[in-house]
file start_11.txt (compact mmCIF, C-alpha atoms)
# COMPACT_ATOMS: atom_id res chain seq x y z
CA SER A 25 30.45 21.75 4.83
CA HIS A 26 28.79 20.05 1.90
CA ASP A 27 27.32 20.97 -1.48
CA THR A 28 23.73 19.91 -0.96
CA VAL A 29 21.30 21.11 -3.60
CA CYS A 30 18.45 22.53 -1.53
CA PHE A 31 15.06 21.07 -2.40
CA GLY A 32 12.51 23.82 -1.81
CA THR A 33 12.40 26.54 0.84
CA GLY A 34 14.38 25.43 3.87
CA ASN A 35 15.37 22.27 1.98
CA ILE A 36 12.25 20.49 3.29
CA TYR A 37 10.04 20.26 0.20
CA PRO A 38 10.14 16.41 0.18
CA ASN A 39 8.97 16.44 3.80
CA GLU A 40 6.08 18.69 2.79
CA LEU A 41 5.13 16.16 0.11
CA ASP A 42 5.02 13.49 2.84
CA GLN A 43 2.85 15.75 4.99
CA LEU A 44 0.39 16.41 2.15
CA TYR A 45 -0.19 12.65 1.95
CA TYR A 46 -1.69 12.84 5.45
CA THR A 47 -3.27 16.29 5.04
CA SER A 48 -5.75 15.63 2.24
CA PRO A 49 -8.10 12.62 2.55
CA LEU A 50 -8.64 12.52 -1.22
CA HIS A 51 -4.95 12.83 -2.14
CA GLY A 52 -3.96 10.16 0.38
CA SER A 53 -6.72 7.83 -0.85
CA ILE A 54 -5.66 8.26 -4.48
CA CYS A 55 -2.05 7.43 -3.59
CA ASP A 56 -3.16 4.29 -1.73
CA PHE A 57 -5.47 3.40 -4.62
CA LYS A 58 -2.53 3.64 -7.03
CA VAL A 59 -0.35 1.46 -4.82
CA ASN A 60 -3.05 -1.21 -4.68
CA ALA A 61 -3.69 -0.95 -8.42
CA THR A 62 0.04 -1.40 -9.06
CA ILE A 63 0.90 -4.34 -6.79
CA GLY A 64 -2.45 -5.51 -5.39
CA GLY A 65 -2.34 -8.65 -7.51
CA GLY A 66 0.97 -9.78 -6.03
CA TYR A 67 4.15 -10.67 -7.87
CA ARG A 68 6.10 -13.61 -9.24
CA VAL A 69 9.75 -14.44 -8.66
CA LYS A 70 10.84 -16.95 -11.30
CA PRO A 71 14.28 -18.50 -10.61
CA LYS A 72 16.37 -19.46 -13.63
CA SER A 73 16.78 -22.90 -12.05
CA GLU A 74 15.40 -24.85 -9.11
CA GLU A 75 18.76 -25.51 -7.47
CA ILE A 76 18.59 -25.34 -3.68
CA LYS A 77 21.48 -22.87 -3.57
CA LEU A 78 19.66 -20.35 -5.77
CA LEU A 79 16.31 -20.84 -4.04
CA THR A 80 17.97 -20.36 -0.67
CA LYS A 81 19.71 -17.23 -1.88
CA ILE A 82 16.38 -15.77 -3.00
CA GLU A 83 14.74 -16.48 0.35
CA VAL A 84 17.67 -15.00 2.27
CA PHE A 85 17.51 -11.83 0.17
CA LYS A 86 13.74 -11.51 0.60
CA ASN A 87 14.02 -11.86 4.37
CA MET A 88 16.93 -9.44 4.59
CA ILE A 89 15.17 -6.67 2.67
CA ASN A 90 11.70 -7.46 4.10
CA PHE A 91 10.58 -7.96 0.51
CA ASP A 92 6.80 -7.48 0.66
CA GLU A 93 6.98 -4.35 2.81
CA THR A 94 9.80 -2.89 0.70
CA ILE A 95 7.84 -3.37 -2.52
CA GLU A 96 4.93 -1.43 -1.03
CA ARG A 97 7.28 1.35 0.12
CA MET A 98 8.85 1.49 -3.33
CA ALA A 99 5.43 1.76 -4.98
CA LEU A 100 4.28 4.55 -2.65
CA ALA A 101 7.57 6.48 -2.92
CA ASP A 102 7.34 6.27 -6.71
CA ILE A 103 3.95 8.00 -6.49
CA LEU A 104 4.78 10.61 -3.83
CA HIS A 105 8.34 11.50 -4.91
CA TYR A 106 9.19 9.78 -8.21
CA ARG A 107 12.39 8.59 -6.46
CA TYR A 108 13.71 6.32 -3.71
CA TYR A 109 17.04 5.00 -2.53
CA PHE A 110 18.79 2.03 -0.95
CA GLU A 111 21.77 2.06 1.36
CA LEU A 112 24.21 -0.70 0.43
CA ARG A 113 27.00 -2.15 2.54
CA LEU A 114 29.67 -3.72 0.37
CA GLU A 115 32.55 -6.06 1.13
CA LYS A 116 35.74 -6.65 -0.79
CA GLN A 117 35.89 -10.12 -2.35
CA ASN A 118 38.94 -12.30 -2.99
CA ASN A 119 39.06 -11.09 -6.59
CA GLY A 120 39.13 -7.47 -5.42
CA ALA A 121 35.56 -6.68 -6.43
CA MET A 122 33.23 -4.81 -4.06
CA LEU A 123 29.93 -6.68 -3.75
CA PRO A 124 26.85 -5.70 -1.70
CA VAL A 125 26.12 -7.85 1.35
CA GLU A 126 23.46 -5.70 3.08
CA ILE A 127 20.71 -3.42 1.84
CA LYS A 128 18.30 -0.99 3.51
CA PHE A 129 15.48 1.12 2.04
CA LEU A 130 15.82 4.89 2.48
CA GLU A 131 12.84 7.25 2.48
CA PRO A 132 13.19 9.88 -0.28
CA SER A 133 12.45 12.72 2.14
CA LYS A 134 15.69 11.91 4.00
CA VAL A 135 17.96 12.08 0.93
CA ARG A 136 19.46 15.08 -0.87
CA LYS A 137 22.11 15.29 -3.60
CA ASP A 138 24.93 17.46 -4.88
CA TYR A 139 25.07 19.04 -8.33
CA SER A 140 27.47 16.43 -9.68
CA GLY A 141 25.17 13.56 -8.71
CA LYS A 142 28.09 11.74 -7.06
CA TRP A 143 27.24 12.37 -3.41
CA ALA A 144 24.14 11.56 -1.39
CA TYR A 145 23.42 13.49 1.79
CA ILE A 146 21.17 11.82 4.36
CA ALA A 147 19.57 13.25 7.50
CA GLU A 148 16.88 11.94 9.80
CA ASP A 149 15.59 15.50 10.20
CA TRP A 150 16.63 18.14 7.68
CA THR A 151 15.33 21.04 9.79
CA THR A 152 18.05 20.30 12.37
CA GLN A 153 20.28 18.02 10.21
CA ARG A 154 20.03 15.41 12.96
CA GLY A 155 21.78 12.18 12.01
CA PHE A 156 23.48 13.78 9.01
CA ARG A 157 25.87 11.63 6.98
CA GLN A 158 27.11 11.53 3.41
CA HIS A 159 27.98 8.67 1.07
CA ARG A 160 28.79 8.26 -2.59
CA PHE A 161 26.17 7.06 -4.99
CA TYR A 162 26.73 3.48 -6.10
CA ASP A 163 29.56 2.92 -8.56
CA PRO A 164 30.96 -0.57 -9.26
CA ASN A 165 34.45 0.93 -9.32
CA CYS A 166 34.05 2.72 -5.98
CA ARG A 167 35.83 1.15 -2.99
CA ASP A 168 33.63 2.72 -0.27
CA GLU A 169 32.02 0.28 2.14
CA ILE A 170 28.73 2.23 2.24
CA GLN A 171 27.15 3.44 -1.01
CA ILE A 172 23.72 4.72 -2.01
CA LEU A 173 21.76 3.18 -4.86
CA ALA A 174 19.34 5.63 -6.49
CA PHE A 175 16.15 5.01 -8.45
CA GLU A 176 14.81 8.24 -9.93
CA THR A 177 12.27 9.03 -12.63
CA LYS A 178 13.35 11.90 -14.86
CA THR A 179 10.87 14.75 -15.15
CA THR A 180 10.83 17.69 -17.55
CA GLY A 181 13.02 20.63 -16.56
CA GLN A 182 14.33 19.01 -13.38
CA ASP A 183 18.06 18.29 -13.48
CA VAL A 184 18.63 17.30 -9.84
CA TYR A 185 15.38 16.19 -8.20
CA PRO A 186 12.30 14.88 -10.02
CA LEU A 187 8.93 16.47 -9.32
CA PRO A 188 5.80 14.26 -9.20
CA ARG A 189 3.05 15.13 -11.65
CA TYR A 190 0.51 15.94 -8.96
CA THR A 191 2.56 18.87 -7.58
CA SER A 192 0.55 21.20 -9.84
CA ALA A 193 -2.36 20.58 -7.45
CA ASN A 194 -0.45 20.98 -4.17
CA ASN A 195 -2.38 24.15 -3.32
CA TRP A 196 -5.66 22.30 -3.83
CA ILE A 197 -4.39 19.38 -1.75
CA PHE A 198 -3.49 21.79 1.04
CA MET A 199 -6.92 23.42 0.80
CA ASP A 200 -8.58 20.01 1.08
CA GLY A 201 -7.00 19.57 4.50
CA GLU A 202 -7.61 23.18 5.56
CA GLU A 203 -11.27 22.99 4.57
CA SER A 204 -11.96 20.32 7.16
CA TYR A 205 -10.15 22.35 9.80
CA LEU A 206 -12.15 25.46 8.83
CA GLN A 207 -15.45 23.61 9.12
CA LYS A 208 -14.43 22.12 12.47
CA THR A 209 -13.48 25.57 13.75
CA ASN A 210 -16.77 27.04 12.58
CA ILE A 211 -18.71 24.38 14.48
CA VAL A 212 -16.64 24.09 17.66
CA GLU A 213 -15.71 27.74 18.13
CA SER A 214 -18.87 29.45 16.88
CA ILE A 215 -21.73 30.76 19.06
CA PHE A 216 -25.21 29.78 17.87
CA PRO A 217 -26.89 32.02 16.97
CA SER A 218 -23.93 34.36 16.31
CA PHE A 219 -24.13 37.58 18.31
CA ALA A 220 -22.00 40.10 20.14
CA LEU A 221 -22.29 40.85 23.86
CA LEU A 222 -21.78 44.53 24.72
CA PHE A 223 -21.17 45.06 28.43
CA PRO A 224 -21.88 48.48 29.98
CA ARG A 225 -18.81 48.30 32.23
CA LYS A 226 -15.64 46.33 32.79
CA PRO A 227 -15.72 43.33 35.13
CA ALA A 228 -15.30 44.46 38.74
CA ASN A 229 -12.91 41.66 39.64
CA LYS A 230 -11.32 38.45 38.36
CA GLU A 231 -14.16 36.28 39.61
CA GLU A 232 -16.69 38.29 37.60
CA GLN A 233 -14.43 38.13 34.56
CA GLU A 234 -14.15 34.34 34.83
CA SER A 235 -17.94 34.06 35.25
CA ILE A 236 -18.55 35.99 32.03
CA LYS A 237 -15.95 33.92 30.20
CA LYS A 238 -17.50 30.68 31.42
CA THR A 239 -20.96 31.81 30.28
CA ILE A 240 -19.71 32.62 26.78
CA GLU A 241 -17.69 29.39 26.49
CA GLY A 242 -20.78 27.42 27.52
CA ALA A 243 -22.67 28.75 24.50
CA LYS A 244 -20.13 27.52 21.93
CA GLY A 245 -20.25 24.39 19.81
CA ALA A 246 -22.75 22.32 17.90
CA GLN A 247 -24.31 20.87 21.07
CA LYS A 248 -25.40 24.35 22.20
CA ALA A 249 -26.87 25.35 18.84
CA GLY A 250 -30.45 26.64 19.06
CA ARG A 251 -30.59 26.56 22.88
CA ILE A 252 -31.76 29.43 25.08
CA PHE A 253 -28.99 31.76 26.26
CA ALA A 254 -29.91 33.36 29.64
CA LEU A 255 -28.19 36.43 31.15
CA PHE A 256 -28.71 37.77 34.71
CA ALA A 257 -27.82 41.06 36.39
CA ASN A 258 -28.66 42.91 39.61
CA LYS A 259 -29.77 46.00 37.70
CA LYS A 260 -31.42 46.42 34.32
CA GLU A 261 -28.71 48.76 33.08
CA GLU A 262 -26.06 46.11 33.88
CA ILE A 263 -27.61 43.54 31.53
CA PRO A 264 -25.30 43.07 28.49
CA GLU A 265 -26.62 44.29 25.17
CA VAL A 266 -27.06 41.45 22.70
CA THR A 267 -26.31 42.49 19.13
CA PRO A 268 -26.91 39.88 16.37
CA ILE A 269 -24.09 39.41 13.87
CA PRO A 270 -25.06 38.91 10.22
CA LYS A 271 -24.78 35.27 9.26
CA ASN A 272 -21.69 34.47 7.18
CA ASN A 273 -21.86 32.60 3.88
CA ASN A 274 -19.33 29.89 4.74
CA ASP A 275 -21.86 27.18 3.91
CA SER A 276 -22.13 28.34 0.31
CA LEU A 277 -18.35 28.82 0.22
CA PHE A 278 -17.82 25.16 1.15
CA GLU A 279 -20.52 24.14 -1.31
CA ASN A 280 -18.76 25.82 -4.24
CA THR A 281 -15.18 25.04 -3.25
CA SER A 282 -15.35 21.34 -2.35
CA PRO A 283 -16.26 19.99 -5.82
CA ARG A 284 -13.57 22.14 -7.42
CA ILE A 285 -10.93 20.86 -4.97
CA ASP A 286 -11.91 17.24 -5.70
CA ASN A 287 -11.81 17.77 -9.46
CA LYS A 288 -8.42 19.49 -9.45
CA ILE A 289 -6.78 16.84 -7.28
CA CYS A 290 -8.16 14.06 -9.49
CA GLN A 291 -7.02 15.90 -12.64
CA ALA A 292 -3.48 16.22 -11.29
CA HIS A 293 -3.43 12.47 -10.55
CA CYS A 294 -4.88 11.64 -14.00
CA ILE A 295 -7.72 9.70 -12.38
CA ASP A 296 -11.46 9.94 -12.98
CA PRO A 297 -13.36 11.09 -9.85
CA LEU A 298 -15.77 8.19 -10.45
CA LEU A 299 -13.04 5.75 -9.44
CA MET A 300 -12.76 7.48 -6.07
CA GLY A 301 -16.50 7.31 -5.44
CA ILE A 302 -17.13 10.95 -6.39
CA ARG A 303 -20.31 11.39 -8.43
CA VAL A 304 -20.12 14.02 -11.13
CA GLY A 305 -23.19 16.21 -11.64
CA GLY A 306 -25.30 15.22 -14.63
CA MET A 307 -23.76 11.72 -14.86
CA LEU A 308 -25.27 8.50 -13.58
CA GLY A 309 -21.91 6.77 -13.16
CA SER A 310 -22.87 3.36 -14.56
CA GLY A 311 -20.66 0.31 -14.25
CA THR A 312 -19.62 0.69 -17.88
CA ASP A 313 -18.40 4.24 -17.24
CA ILE A 314 -16.33 3.06 -14.29
CA GLU A 315 -14.78 0.23 -16.29
CA LYS A 316 -13.83 2.58 -19.11
CA ALA A 317 -12.42 5.11 -16.65
CA TYR A 318 -10.32 2.44 -14.95
CA THR A 319 -8.97 1.12 -18.25
CA ILE A 320 -7.84 4.61 -19.26
CA PHE A 321 -6.34 5.24 -15.83
CA GLU A 322 -4.48 1.92 -15.87
CA LYS A 323 -2.96 2.51 -19.29
CA ASN A 324 -1.97 6.11 -18.55
CA ASP A 325 -0.53 5.58 -15.09
CA ILE A 326 -0.40 2.10 -13.58
CA LEU A 327 1.24 0.09 -16.36
CA LYS A 328 4.33 2.31 -16.48
CA ARG A 329 4.61 2.14 -12.69
CA ARG A 330 4.58 -1.65 -12.82
CA ARG A 331 7.29 -1.62 -15.48
CA ARG A 332 9.46 0.69 -13.37
CA LEU A 333 9.02 -1.50 -10.31
CA GLU A 334 9.90 -4.67 -12.22
CA LYS A 335 12.97 -3.02 -13.74
CA ASN A 336 14.25 -1.76 -10.38
CA ILE A 337 13.74 -5.09 -8.59
CA LYS A 338 15.68 -6.81 -11.36
CA VAL A 339 18.54 -4.35 -10.76
CA LEU A 340 18.60 -5.40 -7.10
CA PHE A 341 18.58 -9.06 -8.09
CA ARG A 342 21.58 -8.56 -10.39
CA LEU A 343 23.52 -6.67 -7.71
CA PHE A 344 23.12 -9.56 -5.28
CA GLY A 345 23.81 -12.22 -7.88
CA ILE A 346 20.28 -13.59 -7.94
CA GLN A 347 19.43 -15.25 -11.22
CA ALA A 348 15.69 -14.78 -11.32
CA GLU A 349 12.98 -12.84 -13.10
CA PHE A 350 10.51 -10.60 -11.33
CA GLU A 351 7.02 -9.82 -12.61
CA VAL A 352 4.12 -7.91 -11.10
CA ASN A 353 0.85 -9.76 -11.68
CA ALA A 354 -1.73 -8.10 -13.90
CA PHE A 355 -4.51 -6.91 -11.64
CA GLN A 356 -7.62 -4.74 -11.92
CA ILE A 357 -9.30 -3.53 -8.75
CA ILE A 358 -12.72 -3.25 -10.41
CA ASN A 359 -12.78 -6.96 -11.27
CA GLU A 360 -14.55 -9.14 -8.74
CA THR A 361 -12.14 -12.03 -9.29
CA VAL A 362 -8.58 -11.70 -8.04
CA TYR A 363 -6.19 -13.85 -10.05
CA THR A 364 -3.41 -15.34 -7.97
CA GLU A 365 -2.08 -17.79 -10.53
CA GLY A 366 1.68 -17.74 -10.73
CA GLU A 367 2.28 -16.13 -7.34
CA ASP A 368 5.76 -16.38 -5.93
CA ASN A 369 6.33 -19.83 -4.44
CA THR A 370 10.10 -19.92 -4.18
CA ALA A 371 9.98 -21.16 -0.59
CA GLU A 372 7.65 -24.02 -1.48
CA LYS A 373 9.92 -25.05 -4.36
CA MET A 374 12.95 -24.97 -2.12
CA LEU A 375 11.34 -27.14 0.58
CA SER A 376 10.08 -29.53 -2.07
CA GLN A 377 13.61 -29.98 -3.41
CA ILE A 378 15.02 -30.46 0.09
CA ALA A 379 12.43 -33.16 0.84
CA LYS A 380 13.79 -35.23 -2.07
CA LEU A 381 17.30 -35.37 -0.55
CA PRO A 382 18.65 -38.05 1.81
CA GLN A 383 18.15 -37.28 5.50
CA ALA A 384 21.76 -36.19 6.10
CA ALA A 385 21.66 -33.93 3.06
CA GLN A 386 18.37 -32.48 4.24
CA ALA A 387 19.99 -31.36 7.50
CA GLU A 388 22.83 -29.71 5.61
CA ALA A 389 20.38 -27.99 3.28
CA MET A 390 18.35 -26.60 6.17
CA LYS A 391 21.55 -25.19 7.66
CA ALA A 392 22.08 -23.42 4.36
CA LEU A 393 18.92 -21.43 5.05
CA THR A 394 20.88 -19.45 7.63
CA PRO A 395 21.44 -16.18 5.77
CA LYS A 396 24.87 -15.88 4.21
CA ILE A 397 24.22 -12.46 2.71
CA GLY A 398 24.77 -9.86 5.38
CA ARG A 399 26.23 -12.26 7.96
CA ALA A 400 25.00 -11.82 11.54
CA SER A 401 22.99 -8.69 10.88
CA CYS A 402 21.08 -10.48 8.16
CA ARG A 403 20.41 -13.37 10.53
CA GLU A 404 18.88 -10.94 13.02
CA ARG A 405 16.55 -9.61 10.39
CA VAL A 406 15.32 -13.09 9.56
CA SER A 407 14.64 -13.95 13.16
call {"tool": "encode", "arguments": {"input": "start_11.txt", "output": "structure tokens"}}
result
Amino acid sequence: SHDTVCFGTGNIYPNELDQLYYTSPLHGSICDFKVNATIGGGYRVKPKSEEIKLLTKIEVFKNMINFDETIERMALADILHYRYYFELRLEKQNNGAMLPVEIKFLEPSKVRKDYSGKWAYIAEDWTTQRGFRQHRFYDPNCRDEIQILAFETKTTGQDVYPLPRYTSANNWIFMDGEESYLQKTNIVESIFPSFALLFPRKPANKEEQESIKKTIEGAKGAQKAGRIFALFANKKEEIPEVTPIPKNNNDSLFENTSPRIDNKICQAHCIDPLLMGIRVGGMLGSGTDIEKAYTIFEKNDILKRRRRLEKNIKVLFRLFGIQAEFEVNAFQIINETVYTEGEDNTAEKMLSQIAKLPQAAQAEAMKALTPKIGRASCRERVS
């Protein structure tokens, strides 16, 4: 028994948010566009000193957490859920303090909370609660070996779980995916031209029934559109009556609905449709318009995401005793030139410092590269 605060009907709303990412091509593309706009220019890790011990510690941490991949997962989770978590394993030190020695990223859709905000509940599958476990949220005074570190963005009116801004368009996002399925069904399952077959009698046996079914199935789909449909019978009165069905107006329905779906999804994401390659009626969409649209989008959305990412990475650095700054490089997708100046080169600095040492000291320094944070498990991750 536990005091999980249910998130949506059946406690699976976060999983539905994950599914919407794959359901709507436009929504998924916007999320990927935001991730690239946030971290596409890379990042810089700036150690406070160039001591081999610190540089080694940084490299060990980056390998243990799979740094580049984790940053991308953090950026995407911040867009889809406005929250993400890390599972920490802590060890008691000689001075009695509990310090983290291992860290693992947790997908937001696997984590729930209690009302007090002290307990995290984790399950691999919340529909069956497979792999369920519970741990306390991180507290420096807590003595638990496993604790959960939370990064959440507060949203208006939400005391327990944050809601991403785009949720106001979830119905439109769902429709975007359903529209493609509807069009596919219309093409694959329709008979061209649409008509009804009225048979004067029931099939005499199963073979006759299967023959009629095969004839009808052979007239379905886009490949059969406009072709001649032939029917045979031994007697004139046994020939099925062909009754045309009035053509539906699905084409005009798609025509009117699609632009509205695109506009609503883009509005919810605070992004101009021009940036996603969607031309707006009555507008030429010049390069100047795109540049202005991107500047507005960057200031309203991307800059604050970069700040959040930098802040959260610095929290991780402090927890693991890493004295370094972290900065996300300024980057604009619409610019032709990608600036890579100041990219992280901690490894190069470390090897450069080792090369200056005497040969015996070099061997000792290279041994120091064996991960000390996380012991054997960390060593496995590096290899």
call {"tool": "closest_residue", "arguments": {"input": "start_11.txt", "among": "A:Trp196, A:Tyr145, A:Tyr109, A:Tyr67", "to": "Glu349 in chain A", "atoms": "all atoms listed in the file"}}
result
A:Tyr67
call {"tool": "closest_residue", "arguments": {"input": "start_11.txt", "among": "A:Tyr45, A:His105, A:Gln347, A:Ala354", "to": "Leu79 in chain A", "atoms": "only C-alpha atoms"}}
result
A:Gln347
call {"tool": "residues_around", "arguments": {"input": "start_11.txt", "residues": "range 127-137 of chain A", "least_positions_apart": "2", "cutoff": "9 Å", "atoms": "all atoms listed in the file", "output": "VMD selection string"}}
result
chain A and resid 27 to 31 35 to 42 88 to 89 94 97 to 98 101 105 to 113 124 to 125 139 to 150 184 to 185 398
call {"tool": "closest_residue", "arguments": {"input": "start_11.txt", "among": "A:Lys58, A:Arg189, A:Arg225, A:Lys77", "to": "Leu100 in chain A", "atoms": "all atoms listed in the file"}}
result
A:Lys58
call {"tool": "atom_distance", "arguments": {"input": "start_11.txt", "atom1": "CA of Cys166 in chain A", "atom2": "CA of Asn119 in chain A"}}
result
14.7 Å
call {"tool": "closest_residue", "arguments": {"input": "start_11.txt", "among": "A:Gly65, A:Asn353, A:Ile314, A:Ile103", "to": "Tyr190 in chain A", "atoms": "only C-alpha atoms"}}
result
A:Ile103
call {"tool": "closest_residue", "arguments": {"input": "start_11.txt", "among": "A:Gln207, A:Leu343, A:Asn229, A:Arg330", "to": "Asp163 in chain A", "atoms": "only C-alpha atoms"}}
result
A:Leu343
call {"tool": "atom_distance", "arguments": {"input": "start_11.txt", "atom1": "CA of Lys86 in chain A", "atom2": "CA of Glu334 in chain A"}}
result
15.0 Å
call {"tool": "atom_distance", "arguments": {"input": "start_11.txt", "atom1": "CA of Asn194 in chain A", "atom2": "CA of Thr62 in chain A"}}
result
22.9 Å
call {"tool": "closest_residue", "arguments": {"input": "start_11.txt", "among": "A:Ala348, A:Leu50, A:Leu333, A:Val339", "to": "Ile197 in chain A", "atoms": "all atoms listed in the file"}}
result
A:Leu50
call {"tool": "residues_near_point", "arguments": {"input": "start_11.txt", "point": "(6.5, -0.5, -14.9)", "cutoff": "12 Å", "atoms": "all atoms listed in the file", "output": "PDB file with C-alpha atoms, in the frame of the given file"}}
result
ATOM      1  CA  THR A  62       0.040  -1.400  -9.060  1.00  0.00           C
ATOM      2  CA  ILE A  63       0.900  -4.340  -6.790  1.00  0.00           C
ATOM      3  CA  MET A  98       8.850   1.490  -3.330  1.00  0.00           C
ATOM      4  CA  ALA A  99       5.430   1.760  -4.980  1.00  0.00           C
ATOM      5  CA  ASP A 102       7.340   6.270  -6.710  1.00  0.00           C
ATOM      6  CA  THR A 177      12.270   9.030 -12.630  1.00  0.00           C
ATOM      7  CA  GLU A 322      -4.480   1.920 -15.870  1.00  0.00           C
ATOM      8  CA  LYS A 323      -2.960   2.510 -19.290  1.00  0.00           C
ATOM      9  CA  ASN A 324      -1.970   6.110 -18.550  1.00  0.00           C
ATOM     10  CA  ASP A 325      -0.530   5.580 -15.090  1.00  0.00           C
ATOM     11  CA  ILE A 326      -0.400   2.100 -13.580  1.00  0.00           C
ATOM     12  CA  LEU A 327       1.240   0.090 -16.360  1.00  0.00           C
ATOM     13  CA  LYS A 328       4.330   2.310 -16.480  1.00  0.00           C
ATOM     14  CA  ARG A 329       4.610   2.140 -12.690  1.00  0.00           C
ATOM     15  CA  ARG A 330       4.580  -1.650 -12.820  1.00  0.00           C
ATOM     16  CA  ARG A 331       7.290  -1.620 -15.480  1.00  0.00           C
ATOM     17  CA  ARG A 332       9.460   0.690 -13.370  1.00  0.00           C
ATOM     18  CA  LEU A 333       9.020  -1.500 -10.310  1.00  0.00           C
ATOM     19  CA  GLU A 334       9.900  -4.670 -12.220  1.00  0.00           C
ATOM     20  CA  LYS A 335      12.970  -3.020 -13.740  1.00  0.00           C
ATOM     21  CA  ASN A 336      14.250  -1.760 -10.380  1.00  0.00           C
ATOM     22  CA  ILE A 337      13.740  -5.090  -8.590  1.00  0.00           C
ATOM     23  CA  LYS A 338      15.680  -6.810 -11.360  1.00  0.00           C
ATOM     24  CA  PHE A 350      10.510 -10.600 -11.330  1.00  0.00           C
ATOM     25  CA  GLU A 351       7.020  -9.820 -12.610  1.00  0.00           C
ATOM     26  CA  VAL A 352       4.120  -7.910 -11.100  1.00  0.00           C
ATOM     27  CA  ASN A 353       0.850  -9.760 -11.680  1.00  0.00           C
ATOM     28  CA  ALA A 354      -1.730  -8.100 -13.900  1.00  0.00           C
TER      29      ALA A 354
END
call {"tool": "axis_aligned_box", "arguments": {"input": "start_11.txt", "around": "range 191-194 of chain A", "padding_each_side": "4 Å", "output": "lines of an AutoDock Vina configuration file"}}
result
center_x = 0.1
center_y = 20.0
center_z = -7.0
size_x = 12.9
size_y = 10.3
size_z = 13.7
